[in-house]
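Visitor: data.pdb (PDB, C-alpha atoms and all ligand atoms) pasted underneath:
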MODEL        1
ATOM      1  CA  MET A   1       0.000   0.000   0.000
ATOM      2  CA  LEU A   2       1.179   3.530  -0.701
ATOM      3  CA  ASN A   3       1.401   5.369   2.623
ATOM      4  CA  ILE A   4       2.314   9.045   2.770
ATOM      5  CA  ALA A   5       2.874  10.755   6.126
ATOM      6  CA  VAL A   6       2.430  14.516   6.338
ATOM      7  CA  ASP A   7       3.057  16.488   9.510
ATOM      8  CA  GLY A   8       3.502  20.184  10.064
ATOM      9  CA  THR A   9       2.765  23.359  11.938
ATOM     10  CA  SER A  10      -0.606  25.103  12.291
ATOM     11  CA  ALA A  11      -1.654  27.403   9.453
ATOM     12  CA  SER A  12       1.151  26.190   7.206
ATOM     13  CA  GLY A  13      -1.335  25.353   4.454
ATOM     14  CA  LYS A  14      -0.979  21.680   5.370
ATOM     15  CA  SER A  15      -4.638  20.624   5.112
ATOM     16  CA  THR A  16      -5.319  22.328   1.794
ATOM     17  CA  ILE A  17      -2.077  20.989   0.340
ATOM     18  CA  CYS A  18      -2.842  17.460   1.561
ATOM     19  CA  GLU A  19      -6.344  17.546   0.144
ATOM     20  CA  MET A  20      -5.100  18.654  -3.288
ATOM     21  CA  LEU A  21      -2.158  16.273  -3.325
ATOM     22  CA  ALA A  22      -4.272  13.229  -2.416
ATOM     23  CA  LYS A  23      -6.741  14.191  -5.149
ATOM     24  CA  LYS A  24      -3.951  14.484  -7.708
ATOM     25  CA  LEU A  25      -2.626  11.058  -6.655
ATOM     26  CA  ASN A  26      -6.157   9.637  -6.530
ATOM     27  CA  ILE A  27      -5.672   8.221  -3.042
ATOM     28  CA  LEU A  28      -7.483   8.704   0.284
ATOM     29  CA  HIS A  29      -6.677  11.641   2.538
ATOM     30  CA  LEU A  30      -7.133  11.270   6.283
ATOM     31  CA  ASN A  31      -7.166  14.440   8.358
ATOM     32  CA  THR A  32      -6.357  13.071  11.818
ATOM     33  CA  GLY A  33      -7.157  16.333  13.622
ATOM     34  CA  ALA A  34     -10.810  15.538  12.823
ATOM     35  CA  LEU A  35     -10.560  12.347  14.909
ATOM     36  CA  TYR A  36      -9.430  14.266  17.998
ATOM     37  CA  ARG A  37     -12.078  16.861  17.271
ATOM     38  CA  SER A  38     -14.736  14.116  17.057
ATOM     39  CA  TYR A  39     -13.827  12.976  20.573
ATOM     40  CA  ALA A  40     -13.973  16.562  21.795
ATOM     41  CA  LEU A  41     -17.394  17.094  20.264
ATOM     42  CA  TYR A  42     -18.881  14.404  22.521
ATOM     43  CA  PHE A  43     -18.029  16.511  25.557
ATOM     44  CA  ILE A  44     -19.446  19.664  24.029
ATOM     45  CA  LEU A  45     -22.701  18.058  22.873
ATOM     46  CA  ASN A  46     -23.188  16.547  26.331
ATOM     47  CA  ASN A  47     -22.189  19.686  28.256
ATOM     48  CA  LEU A  48     -19.261  17.966  29.928
ATOM     49  CA  PRO A  49     -16.415  20.328  30.776
ATOM     50  CA  ILE A  50     -12.865  19.174  30.015
ATOM     51  CA  LYS A  51     -10.111  20.726  32.099
ATOM     52  CA  SER A  52      -7.404  18.097  31.943
ATOM     53  CA  PRO A  53      -6.648  15.145  29.631
ATOM     54  CA  ASP A  54      -7.659  12.664  32.367
ATOM     55  CA  ASP A  55     -11.222  13.999  32.304
ATOM     56  CA  ALA A  56     -11.721  11.979  29.124
ATOM     57  CA  ASP A  57     -11.038   8.623  30.848
ATOM     58  CA  LYS A  58     -14.447   8.299  32.519
ATOM     59  CA  PHE A  59     -16.298   8.568  29.233
ATOM     60  CA  PHE A  60     -13.910   6.586  27.070
ATOM     61  CA  GLU A  61     -16.221   3.545  26.721
ATOM     62  CA  LYS A  62     -19.163   5.716  25.712
ATOM     63  CA  ILE A  63     -17.403   7.374  22.784
ATOM     64  CA  HIS A  64     -17.168   5.533  19.494
ATOM     65  CA  ILE A  65     -15.324   7.255  16.700
ATOM     66  CA  LYS A  66     -15.324   6.027  13.121
ATOM     67  CA  VAL A  67     -14.185   7.327   9.781
ATOM     68  CA  SER A  68     -15.583   6.403   6.410
ATOM     69  CA  PHE A  69     -14.979   7.728   2.922
ATOM     70  CA  GLU A  70     -17.649   8.645   0.395
ATOM     71  CA  SER A  71     -16.238   9.358  -3.049
ATOM     72  CA  LYS A  72     -12.886   9.731  -1.242
ATOM     73  CA  LYS A  73     -14.324  12.449   1.033
ATOM     74  CA  GLN A  74     -13.731  11.879   4.770
ATOM     75  CA  ILE A  75     -16.894  11.363   6.818
ATOM     76  CA  ASN A  76     -16.455  11.505  10.614
ATOM     77  CA  LEU A  77     -18.839   9.551  12.809
ATOM     78  CA  LEU A  78     -19.458   9.976  16.527
ATOM     79  CA  ASN A  79     -21.590   7.170  17.949
ATOM     80  CA  ASP A  80     -22.808   6.425  14.417
ATOM     81  CA  LYS A  81     -23.859  10.020  13.621
ATOM     82  CA  ASP A  82     -22.189  11.998  10.856
ATOM     83  CA  ILE A  83     -20.721  15.006  12.691
ATOM     84  CA  THR A  84     -18.327  16.143   9.947
ATOM     85  CA  THR A  85     -19.794  19.628   9.622
ATOM     86  CA  LEU A  86     -19.646  20.304  13.389
ATOM     87  CA  LEU A  87     -15.907  19.938  13.848
ATOM     88  CA  ASN A  88     -14.595  23.231  12.591
ATOM     89  CA  ASN A  89     -15.146  25.616  15.480
ATOM     90  CA  PRO A  90     -12.859  27.156  18.119
ATOM     91  CA  HIS A  91     -14.580  25.461  21.070
ATOM     92  CA  VAL A  92     -14.059  22.029  19.498
ATOM     93  CA  ALA A  93     -10.443  22.981  18.696
ATOM     94  CA  GLU A  94      -9.798  23.998  22.293
ATOM     95  CA  TYR A  95     -11.243  20.769  23.755
ATOM     96  CA  SER A  96      -9.498  18.590  21.175
ATOM     97  CA  SER A  97      -6.153  20.081  22.130
ATOM     98  CA  ILE A  98      -6.657  18.882  25.738
ATOM     99  CA  ILE A  99      -8.119  15.527  24.753
ATOM    100  CA  SER A 100      -5.266  14.819  22.345
ATOM    101  CA  GLN A 101      -3.006  14.468  25.395
ATOM    102  CA  ASN A 102      -4.977  11.514  26.737
ATOM    103  CA  GLN A 103      -3.021   8.324  26.010
ATOM    104  CA  LYS A 104      -6.080   6.056  25.747
ATOM    105  CA  VAL A 105      -7.596   8.388  23.177
ATOM    106  CA  ARG A 106      -4.315   8.465  21.229
ATOM    107  CA  ASN A 107      -4.090   4.655  21.270
ATOM    108  CA  LYS A 108      -7.628   4.298  19.966
ATOM    109  CA  ILE A 109      -7.034   6.853  17.218
ATOM    110  CA  LYS A 110      -3.756   5.141  16.335
ATOM    111  CA  GLU A 111      -5.646   1.880  15.829
ATOM    112  CA  ILE A 112      -8.054   3.599  13.402
ATOM    113  CA  GLN A 113      -5.129   5.119  11.488
ATOM    114  CA  LEU A 114      -3.172   1.848  11.235
ATOM    115  CA  ASN A 115      -6.214  -0.013  10.036
ATOM    116  CA  LEU A 116      -6.684   2.521   7.243
ATOM    117  CA  ALA A 117      -2.960   2.629   6.390
ATOM    118  CA  ASN A 118      -2.705  -1.160   6.157
ATOM    119  CA  ASN A 119      -5.632  -1.453   3.779
ATOM    120  CA  ASN A 120      -5.499   1.620   1.555
ATOM    121  CA  ASP A 121      -3.306   3.869  -0.515
ATOM    122  CA  ILE A 122      -3.582   6.854   1.771
ATOM    123  CA  LEU A 123      -2.060  10.183   2.738
ATOM    124  CA  ILE A 124      -2.322  10.683   6.494
ATOM    125  CA  GLU A 125      -2.031  14.211   7.821
ATOM    126  CA  GLY A 126      -1.375  15.176  11.437
ATOM    127  CA  ARG A 127       1.278  15.902  14.043
ATOM    128  CA  ASP A 128       2.847  12.519  14.804
ATOM    129  CA  ILE A 129       2.265  10.589  11.611
ATOM    130  CA  GLY A 130       5.853  10.204  10.359
ATOM    131  CA  SER A 131       7.320   9.829  13.836
ATOM    132  CA  GLU A 132       4.777   7.622  15.587
ATOM    133  CA  ILE A 133       1.942   6.284  13.444
ATOM    134  CA  ILE A 134       3.516   5.135  10.177
ATOM    135  CA  PRO A 135       7.300   5.577  10.641
ATOM    136  CA  ASN A 136       7.845   3.214   7.699
ATOM    137  CA  ALA A 137       5.772   5.296   5.284
ATOM    138  CA  LYS A 138       7.330   5.454   1.821
ATOM    139  CA  PHE A 139       7.134   9.262   1.850
ATOM    140  CA  LYS A 140       7.327  11.592   4.827
ATOM    141  CA  PHE A 141       6.827  15.318   4.560
ATOM    142  CA  PHE A 142       6.896  18.131   7.083
ATOM    143  CA  ILE A 143       5.076  21.268   5.959
ATOM    144  CA  THR A 144       5.804  24.599   7.546
ATOM    145  CA  ALA A 145       6.176  28.340   6.913
ATOM    146  CA  SER A 146       7.516  31.253   8.914
ATOM    147  CA  LEU A 147       5.471  32.274  11.952
ATOM    148  CA  GLU A 148       4.771  35.707  10.438
ATOM    149  CA  GLU A 149       3.543  34.258   7.154
ATOM    150  CA  ARG A 150       1.304  31.744   8.906
ATOM    151  CA  ALA A 151      -0.154  34.513  11.075
ATOM    152  CA  ARG A 152      -0.734  36.648   7.980
ATOM    153  CA  ARG A 153      -2.612  33.824   6.252
ATOM    154  CA  ARG A 154      -4.774  33.065   9.273
ATOM    155  CA  TYR A 155      -5.458  36.788   9.734
ATOM    156  CA  ILE A 156      -6.798  37.075   6.187
ATOM    157  CA  GLN A 157      -8.980  34.000   6.780
ATOM    158  CA  LEU A 158     -10.398  35.115  10.122
ATOM    159  CA  LYS A 159     -10.892  38.750   9.126
ATOM    160  CA  GLU A 160     -13.753  37.554   6.902
ATOM    161  CA  ILE A 161     -15.604  36.274   9.968
ATOM    162  CA  ASP A 162     -14.510  38.832  12.577
ATOM    163  CA  LYS A 163     -13.666  42.374  11.448
ATOM    164  CA  ASN A 164     -12.096  43.283  14.833
ATOM    165  CA  ILE A 165      -9.530  40.539  14.849
ATOM    166  CA  LYS A 166      -5.910  41.669  15.400
ATOM    167  CA  TYR A 167      -2.819  40.342  13.595
ATOM    168  CA  GLU A 168      -0.703  40.486  16.791
ATOM    169  CA  ASP A 169      -3.212  38.346  18.686
ATOM    170  CA  ILE A 170      -3.132  35.706  15.977
ATOM    171  CA  LEU A 171       0.662  35.764  15.870
ATOM    172  CA  ASN A 172       0.854  35.280  19.634
ATOM    173  CA  SER A 173      -1.697  32.490  19.706
ATOM    174  CA  LEU A 174       0.124  30.641  16.901
ATOM    175  CA  LYS A 175       3.397  31.039  18.778
ATOM    176  CA  GLU A 176       1.775  29.590  21.885
ATOM    177  CA  ARG A 177       0.224  26.755  19.871
ATOM    178  CA  ASP A 178       3.623  25.878  18.307
ATOM    179  CA  PHE A 179       5.204  25.799  21.738
ATOM    180  CA  LYS A 180       2.461  23.554  23.140
ATOM    181  CA  ASP A 181       2.529  21.214  20.125
ATOM    182  CA  MET A 182       6.316  20.851  20.280
ATOM    183  CA  ASN A 183       6.736  20.578  24.021
ATOM    184  CA  ARG A 184       3.921  18.352  25.174
ATOM    185  CA  LYS A 185       4.869  15.054  26.826
ATOM    186  CA  ILE A 186       2.747  12.804  24.640
ATOM    187  CA  SER A 187       3.502  12.646  20.887
ATOM    188  CA  PRO A 188       5.006  16.096  20.470
ATOM    189  CA  LEU A 189       5.208  17.642  17.018
ATOM    190  CA  ILE A 190       8.711  16.843  15.781
ATOM    191  CA  ILE A 191      10.353  16.807  12.381
ATOM    192  CA  PRO A 192      11.216  13.164  11.671
ATOM    193  CA  ASN A 193      14.891  12.753  10.624
ATOM    194  CA  ASP A 194      13.980  11.351   7.253
ATOM    195  CA  ALA A 195      11.150  13.808   6.464
ATOM    196  CA  ILE A 196      11.331  16.149   3.500
ATOM    197  CA  ILE A 197      10.683  19.700   4.696
ATOM    198  CA  ILE A 198       8.338  21.740   2.549
ATOM    199  CA  ASP A 199       8.606  25.415   3.465
ATOM    200  CA  THR A 200       5.604  27.242   2.037
ATOM    201  CA  THR A 201       6.614  30.765   3.141
ATOM    202  CA  ASN A 202       7.328  31.856  -0.414
ATOM    203  CA  LYS A 203       5.291  29.257  -2.246
ATOM    204  CA  THR A 204       1.729  29.176  -3.455
ATOM    205  CA  ILE A 205      -0.375  26.172  -2.535
ATOM    206  CA  ASP A 206      -0.114  24.929  -6.141
ATOM    207  CA  GLU A 207       3.682  25.182  -6.073
ATOM    208  CA  ALA A 208       3.886  23.178  -2.851
ATOM    209  CA  VAL A 209       1.497  20.517  -4.180
ATOM    210  CA  ASN A 210       3.425  20.188  -7.442
ATOM    211  CA  LEU A 211       6.746  19.942  -5.644
ATOM    212  CA  MET A 212       5.488  17.100  -3.447
ATOM    213  CA  TYR A 213       3.816  15.409  -6.410
ATOM    214  CA  GLU A 214       7.073  15.428  -8.390
ATOM    215  CA  ILE A 215       8.968  13.978  -5.418
ATOM    216  CA  ILE A 216       6.446  11.148  -5.142
ATOM    217  CA  LEU A 217       6.440  10.435  -8.888
ATOM    218  CA  LYS A 218      10.227  10.152  -8.888
ATOM    219  CA  GLY A 219       9.791   7.616  -6.063
TER     220      GLY A 219
HETATM  221  O1  LIG A 301      -5.159  19.890  13.245
HETATM  222  P1  LIG A 301      -6.343  20.169  14.170
HETATM  223  O2  LIG A 301      -6.391  21.573  14.678
HETATM  224  O3  LIG A 301      -7.649  19.751  13.556
HETATM  225  O4  LIG A 301      -6.098  19.212  15.428
HETATM  226  C1  LIG A 301      -6.939  19.231  16.553
HETATM  227  C2  LIG A 301      -6.127  18.892  17.789
HETATM  228  O5  LIG A 301      -5.672  17.543  17.756
HETATM  229  C3  LIG A 301      -4.869  19.760  17.958
HETATM  230  O6  LIG A 301      -4.827  20.284  19.258
HETATM  231  C4  LIG A 301      -3.712  18.839  17.753
HETATM  232  C5  LIG A 301      -4.274  17.473  17.967
HETATM  233  N1  LIG A 301      -3.719  16.485  17.033
HETATM  234  C6  LIG A 301      -2.790  15.598  17.528
HETATM  235  O7  LIG A 301      -2.444  15.661  18.701
HETATM  236  N2  LIG A 301      -2.283  14.639  16.710
HETATM  237  C7  LIG A 301      -2.659  14.562  15.431
HETATM  238  N3  LIG A 301      -2.145  13.600  14.647
HETATM  239  C8  LIG A 301      -3.601  15.483  14.905
HETATM  240  C9  LIG A 301      -4.109  16.438  15.747
ENDMDL
END
Would you kindly transcribe this structure into structure tokens?
Guide:
Amino acid sequence: MLNIAVDGTSASGKSTICEMLAKKLNILHLNTGALYRSYALYFILNNLPIKSPDDADKFFEKIHIKVSFESKKQINLLNDKDITTLLNNPHVAEYSSIISQNQKVRNKIKEIQLNLANNNDILIEGRDIGSEIIPNAKFKFFITASLEERARRRYIQLKEIDKNIKYEDILNSLKERDFKDMNRKISPLIIPNDAIIIDTTNKTIDEAVNLMYEIILKG
């Protein structure tokens, strides 16, 4: 099976690039952040506050996460309900960041990822894919861009929704997020030794996709 591992920093263009690249290669694309977000959504829908990663333990048996693909599009299921459209909000993001530090949750999500990787040609996108989930993947990429450029991109995105948003606030929150992602005890975001770094600071999305595509074609 063709397995491609893609990790990288927040707002590096990673998800868009992965989606386009998988399409071009005609293989599945798994966004693993959505799995952590699916867990988090359970707590939000049931009004259960999450303050520390251990808070997830009590409810572990009640939460069943699944992923399916319809026409290669990822569908996320929480206790058999399609919750794909509910995952992209800041509250879910905040809870998922805490929940992603729960080892039981990580083990369960790892099982889902390995099952998909063993049975499909697939590009898996996340934070620990090349280092922890599929270290033997044929291709490993790490996508990033300068902090300032990532903040600029996110600012443009968020300005559409909230006119009062400030660039400095976004820059600081990205900086904090990088620090947390790279310094947490469980599965920190690291650049695997054998990963190819794709720096998108001065690249368009298309340029980054084409570069990765060429690397894969050359094998
Ligand atoms: O990429 P995202 O924002 O959708 O991810 C949601 C949370 O899950 C984020 O706090 C990082 C975490 N995550 C992780 O720990 N490991 C992954 N492979 C993917 C996401």
Visitor: In Å, rounded to a single decimal, give me how far atom CA of A:Ile63 is from atom CA of A:Leu86.
Guide: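 Going from atom CA of A:Leu86 over to atom CA of A:Ile63, I get 16.1 Å.
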Visitor: Counting all atoms listed in the file, which residue out of A:Ile50, A:Ile65, A:Ala56, A:Ala5 sits closest to A:Gly130?
Guide: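 Smallest separation from A:Gly130 among the options: A:Ala5.
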Visitor: Might you spell out which residues the PyMOL selection byres (((chain A and resi 147) around 12) and not hetatm) would select in the displayed file, as a PyMOL selection string?
Guide: chain A and resi 9-12+144-146+148-154+167-168+170-179+199-201
Visitor: Let me have all residues with an atom within 6 Å of ligand LIG 301 (chain A), counting only C-alpha atoms and all ligand atoms, laid out as a JSON list (two decimals) with C-alpha atoms, in the coordinates of the input.
Guide:
[["chain", "number", "residue", "atom", "x", "y", "z"],
["A", 32, "THR", "CA", -6.36, 13.07, 11.82],
["A", 33, "GLY", "CA", -7.16, 16.33, 13.62],
["A", 34, "ALA", "CA", -10.81, 15.54, 12.82],
["A", 36, "TYR", "CA", -9.43, 14.27, 18.00],
["A", 37, "ARG", "CA", -12.08, 16.86, 17.27],
["A", 93, "ALA", "CA", -10.44, 22.98, 18.70],
["A", 96, "SER", "CA", -9.50, 18.59, 21.18],
["A", 97, "SER", "CA", -6.15, 20.08, 22.13],
["A", 100, "SER", "CA", -5.27, 14.82, 22.34],
["A", 126, "GLY", "CA", -1.38, 15.18, 11.44],
["A", 127, "ARG", "CA", 1.28, 15.90, 14.04],
["A", 128, "ASP", "CA", 2.85, 12.52, 14.80]]
Visitor: Produce the centre coordinates and the three edge lengths, each in Å to one decimal, of the box along x, y and z that contains all listed atoms of stretch 60-74 of chain A with 4 Å added on each side, as AutoDock Vina command-line options.
Guide:
--center_x -16.0 --center_y 8.0 --center_z 12.0 --size_x 14.3 --size_y 16.9 --size_z 38.1
Visitor: Going by the chain IDs and residue numbers used in this file, which residues fall under the PyMOL selection byres (((chain A and resi 80-85) around 9) and not hetatm)? Write them as a ChimeraX atom specification.
Guide: /A:34,38,41,64-66,74-79,86-88
